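Enquirer: Sharing a structure below in structure tokens format, with a few things to ask.
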Amino acid sequence: MTQPNVTRTLRLTVLAGSSALLLAACDRPLDMDLRGGFGDGFTTAHAATGPLDERPAPDNRGVISYPNYQVAVARRGDTLADVATRVGSDVGSLSRYNGIDATVPLRKGEIIALPTRVSEPSPATGASGTGPITTAAVDIQSMAGGAINRAPATPGVQTTALPSAQTMTRENPAKQTGIEPIRHKVERGETAYTIARLYAVPVETLAEWNGLGADFSVREGQFLLIPVAQQAAPKRSAAVPATATATAPAPTAPTPTSLPGTGSPTPTPPSAAKPLPPVDEKPAAPKPEPAAAKPVADVGKTTQPASSGRMSPPVQGSIIRAYSKGKNEGINIKGTPGAAVKAADSGTVAAITKSAEGVPIVVIRHPDNLLTVYANVANVSVAKGDSVAKGANIAKLRPGDDSFVHFEVRNGFDSVDPTPYLN
């Protein structure tokens, strides 16, 4: 698959998983357009319980880059033409993608979503690091250097501080780290207040992140970044104060040494002082046979009609991406373009929504607190509230390279491997 298709798949995975999570969580605000994060995505559902982080600073072009999307931050008096010139994009594409006329003046700090990726930020463009902002990783070298530098001085011991991270990465600048926010596309009838309630964040912080005006007005088709929770500083153990006097260990008696040429005394082996335990000559009990491994969906495996499994495959085809907890919360099944997508089990249609790209997502509720999610489909033939039978047609596969369905099974709040339900 091409890179755009991979990116689209990741977005669809995040969008589809959120629908199941929020339908299952009755004590959380209902996400009407089903766009929260899940798995390895970030959710702001509890962000209001703690301080929120500030929006990352853009580079000199105004670009903020994340693995799955990029945005540009407008300057006072900018138009889309100014932004397009500065980031090297097409003004017509920016206008269509953001639903705004190219000649309309933009507010300072307003977020403009980029339909295609531009060159990544780097120190050459005024960024603090290079590449997109990704999840922070532990820098062992920096931690070790900091521990040595913080250690109290000890007489007779010389230490040398490790080089700083900036010195070590001067030729290869450090990657920028952080959390990728949810990117919400404003639908008709939504306001900044309803969006803030949807993600449980203060409307003032939402406005600061997205350069909204004093009236917090938003427009249909506008993209908003949802503020993320502030990252806690790493815990450090209490260091010994410089003024404190450490208790010196008690002196030990010097080890006697023999004169040259006289040899060294032979130590007494432990077995001479304490005999070894008796040998147990009883045969060891046979080890139990290992339990059969849980079946895993193999990439390239062809789905088969259900036999003993509770559910039937929504599409007959090959699995092009397997389930991986935290990375891919379902399986991707590729089939013939236009083929029918069927309900894996009988149930009730709980929700029908669309991704930011307008691709339908169907969620079906089943007995025993189970949900199934069908993303990246077309021509949906059911409606919310419909009762569907197992194997009933609910949609069709999209044409071309996108002729696959992203299929998930959710047990309450958590995603589970769909394979055991299909085998």
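Letters for chains follow the order of the structure tokens (A, B, ...), residue numbers begin at 1 for each chain, and ligand numbers begin at 1 in the order shown.
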Would you mind listing what lies within 7 Å of Ala351 in chain A as a ChimeraX atom specification, with only C-alpha atoms counted and same-chain residues fewer than 6 positions away left out?
Expert: /A:362-363,384
Enquirer: For Ala344 in chain A, please output as a list in words all residues within 6 Å (counting only C-alpha atoms; exclusion window: fewer than 2 positions along the same chain).
Expert: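 Counting only the stated atoms, we get Met311, Ser312, Pro313, Pro314 and Lys390 of chain A.
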Enquirer: Take the residues just selected and output them with C-alpha atoms as a PDB file, in the first residue's frame.
Expert:
```
ATOM      1  CA  MET A 311     -18.906 -14.764  14.240  1.00  0.00           C
ATOM      2  CA  SER A 312     -18.507 -14.949  10.481  1.00  0.00           C
ATOM      3  CA  PRO A 313     -15.947 -12.898   8.540  1.00  0.00           C
ATOM      4  CA  PRO A 314     -17.428  -9.617   7.298  1.00  0.00           C
ATOM      5  CA  LYS A 390     -25.706 -12.590  11.147  1.00  0.00           C
TER       6      LYS A 390
END
```
Enquirer: Which residues are near range 119-134 of chain A? Cut-off 8 Å, only C-alpha atoms, ignore same chain within fewer than 2 positions. Put them as a PyMOL selection string.
Expert: chain A and resi 58-61+63-67+117+136+173-180
Enquirer: Write a file of the selected residues as an mmCIF file, in the first residue's frame, keeping N, CA and C atoms.
Expert:
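Here's the written file result37.cif:
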```cif
data_model
loop_
_atom_site.group_PDB
_atom_site.id
_atom_site.type_symbol
_atom_site.label_atom_id
_atom_site.label_comp_id
_atom_site.auth_asym_id
_atom_site.auth_seq_id
_atom_site.Cartn_x
_atom_site.Cartn_y
_atom_site.Cartn_z
ATOM 1 N N PRO A 58 5.455 26.370 16.660
ATOM 2 C CA PRO A 58 5.743 26.022 15.264
ATOM 3 C C PRO A 58 7.132 26.504 14.857
ATOM 4 N N ASP A 59 7.589 26.064 13.681
ATOM 5 C CA ASP A 59 8.873 26.551 13.178
ATOM 6 C C ASP A 59 8.665 27.906 12.501
ATOM 7 N N ASN A 60 9.704 28.410 11.855
ATOM 8 C CA ASN A 60 9.622 29.747 11.257
ATOM 9 C C ASN A 60 8.564 29.845 10.169
ATOM 10 N N ARG A 61 8.200 28.718 9.565
ATOM 11 C CA ARG A 61 7.151 28.722 8.536
ATOM 12 C C ARG A 61 5.763 28.659 9.141
ATOM 13 N N VAL A 63 4.833 25.747 10.772
ATOM 14 C CA VAL A 63 4.450 24.344 10.642
ATOM 15 C C VAL A 63 4.637 23.614 11.968
ATOM 16 N N ILE A 64 3.595 22.874 12.382
ATOM 17 C CA ILE A 64 3.675 21.897 13.468
ATOM 18 C C ILE A 64 3.437 20.530 12.829
ATOM 19 N N SER A 65 4.356 19.602 13.039
ATOM 20 C CA SER A 65 4.314 18.321 12.336
ATOM 21 C C SER A 65 4.145 17.175 13.322
ATOM 22 N N TYR A 66 3.185 16.271 13.037
ATOM 23 C CA TYR A 66 2.981 15.042 13.789
ATOM 24 C C TYR A 66 3.070 13.860 12.815
ATOM 25 N N PRO A 67 3.207 12.630 13.309
ATOM 26 C CA PRO A 67 3.345 11.485 12.396
ATOM 27 C C PRO A 67 2.174 11.330 11.435
ATOM 28 N N ARG A 117 1.738 16.429 3.058
ATOM 29 C CA ARG A 117 2.884 16.738 3.918
ATOM 30 C C ARG A 117 3.881 17.629 3.188
ATOM 31 N N ALA A 136 7.699 10.547 23.383
ATOM 32 C CA ALA A 136 9.013 10.706 24.012
ATOM 33 C C ALA A 136 9.594 9.351 24.367
ATOM 34 N N PRO A 173 20.460 16.257 14.904
ATOM 35 C CA PRO A 173 19.631 16.887 15.925
ATOM 36 C C PRO A 173 18.622 15.907 16.517
ATOM 37 N N ALA A 174 18.261 16.161 17.770
ATOM 38 C CA ALA A 174 17.331 15.283 18.472
ATOM 39 C C ALA A 174 15.944 15.353 17.856
ATOM 40 N N LYS A 175 15.217 14.235 17.981
ATOM 41 C CA LYS A 175 13.832 14.209 17.515
ATOM 42 C C LYS A 175 12.956 14.995 18.481
ATOM 43 N N GLN A 176 11.933 15.656 17.941
ATOM 44 C CA GLN A 176 10.983 16.365 18.776
ATOM 45 C C GLN A 176 10.004 15.357 19.368
ATOM 46 N N THR A 177 9.699 15.501 20.657
ATOM 47 C CA THR A 177 8.835 14.542 21.332
ATOM 48 C C THR A 177 7.631 15.239 21.935
ATOM 49 N N GLY A 178 6.562 14.492 22.112
ATOM 50 C CA GLY A 178 5.328 15.016 22.671
ATOM 51 C C GLY A 178 4.199 14.045 22.416
ATOM 52 N N ILE A 179 2.969 14.515 22.506
ATOM 53 C CA ILE A 179 1.774 13.685 22.284
ATOM 54 C C ILE A 179 0.996 14.268 21.121
ATOM 55 N N GLU A 180 0.584 13.415 20.188
ATOM 56 C CA GLU A 180 -0.183 13.875 19.032
ATOM 57 C C GLU A 180 -1.627 14.124 19.441
#
```
Enquirer: Using only C-alpha atoms, determine which residues lie at most 7 Å from Thr103 in chain A, disregarding the query and same-chain residues fewer than 2 positions distant; provide the list as a list in words.
Expert: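 So the residues in contact are Thr79, Leu80, Asp101 and Pro105 of chain A.
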Enquirer: What's the separation between CA of Ala74 in chain A and CA of Gly109 in chain A, in Å to one decimal place?
Expert: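 Separation between CA of Ala74 in chain A and CA of Gly109 in chain A: 5.2 Å.
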Enquirer: Restricting the calculation to only C-alpha atoms: of A:Ala229, A:Pro51, A:Tyr193, A:Val201, which residue gets closest to Ser217 in chain A?
Expert: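 Comparing A:Ala229, A:Pro51, A:Tyr193, A:Val201 against Ser217 in chain A, the winner is A:Tyr193.
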Enquirer: May I have the residues within 12 Å of range 391-398 of chain A as a ChimeraX atom specification, using only C-alpha atoms and disregarding those fewer than 3 positions away in the same chain?
Expert: /A:305-306,310-317,332-349,352,359-364,373-384,386-388,401-406
Enquirer: Grab the CA of Gly221 in chain A to CA of Ala200 in chain A distance for me, in Å with one decimal place.
Expert: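 Straight-line distance from CA of Gly221 in chain A to CA of Ala200 in chain A works out to 21.1 Å.
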Enquirer: One decimal, in Å: what's the spacing between CA of Val416 in chain A and CA of His366 in chain A?
Expert: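 If I compute the distance from CA of Val416 in chain A to CA of His366 in chain A, I get 14.5 Å.
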Enquirer: Near Thr191 in chain A, within 9 Å and counting only C-alpha atoms, which residues show up once chain neighbours fewer than 6 positions away are dropped, as a ChimeraX atom specification?
Expert: /A:216-219
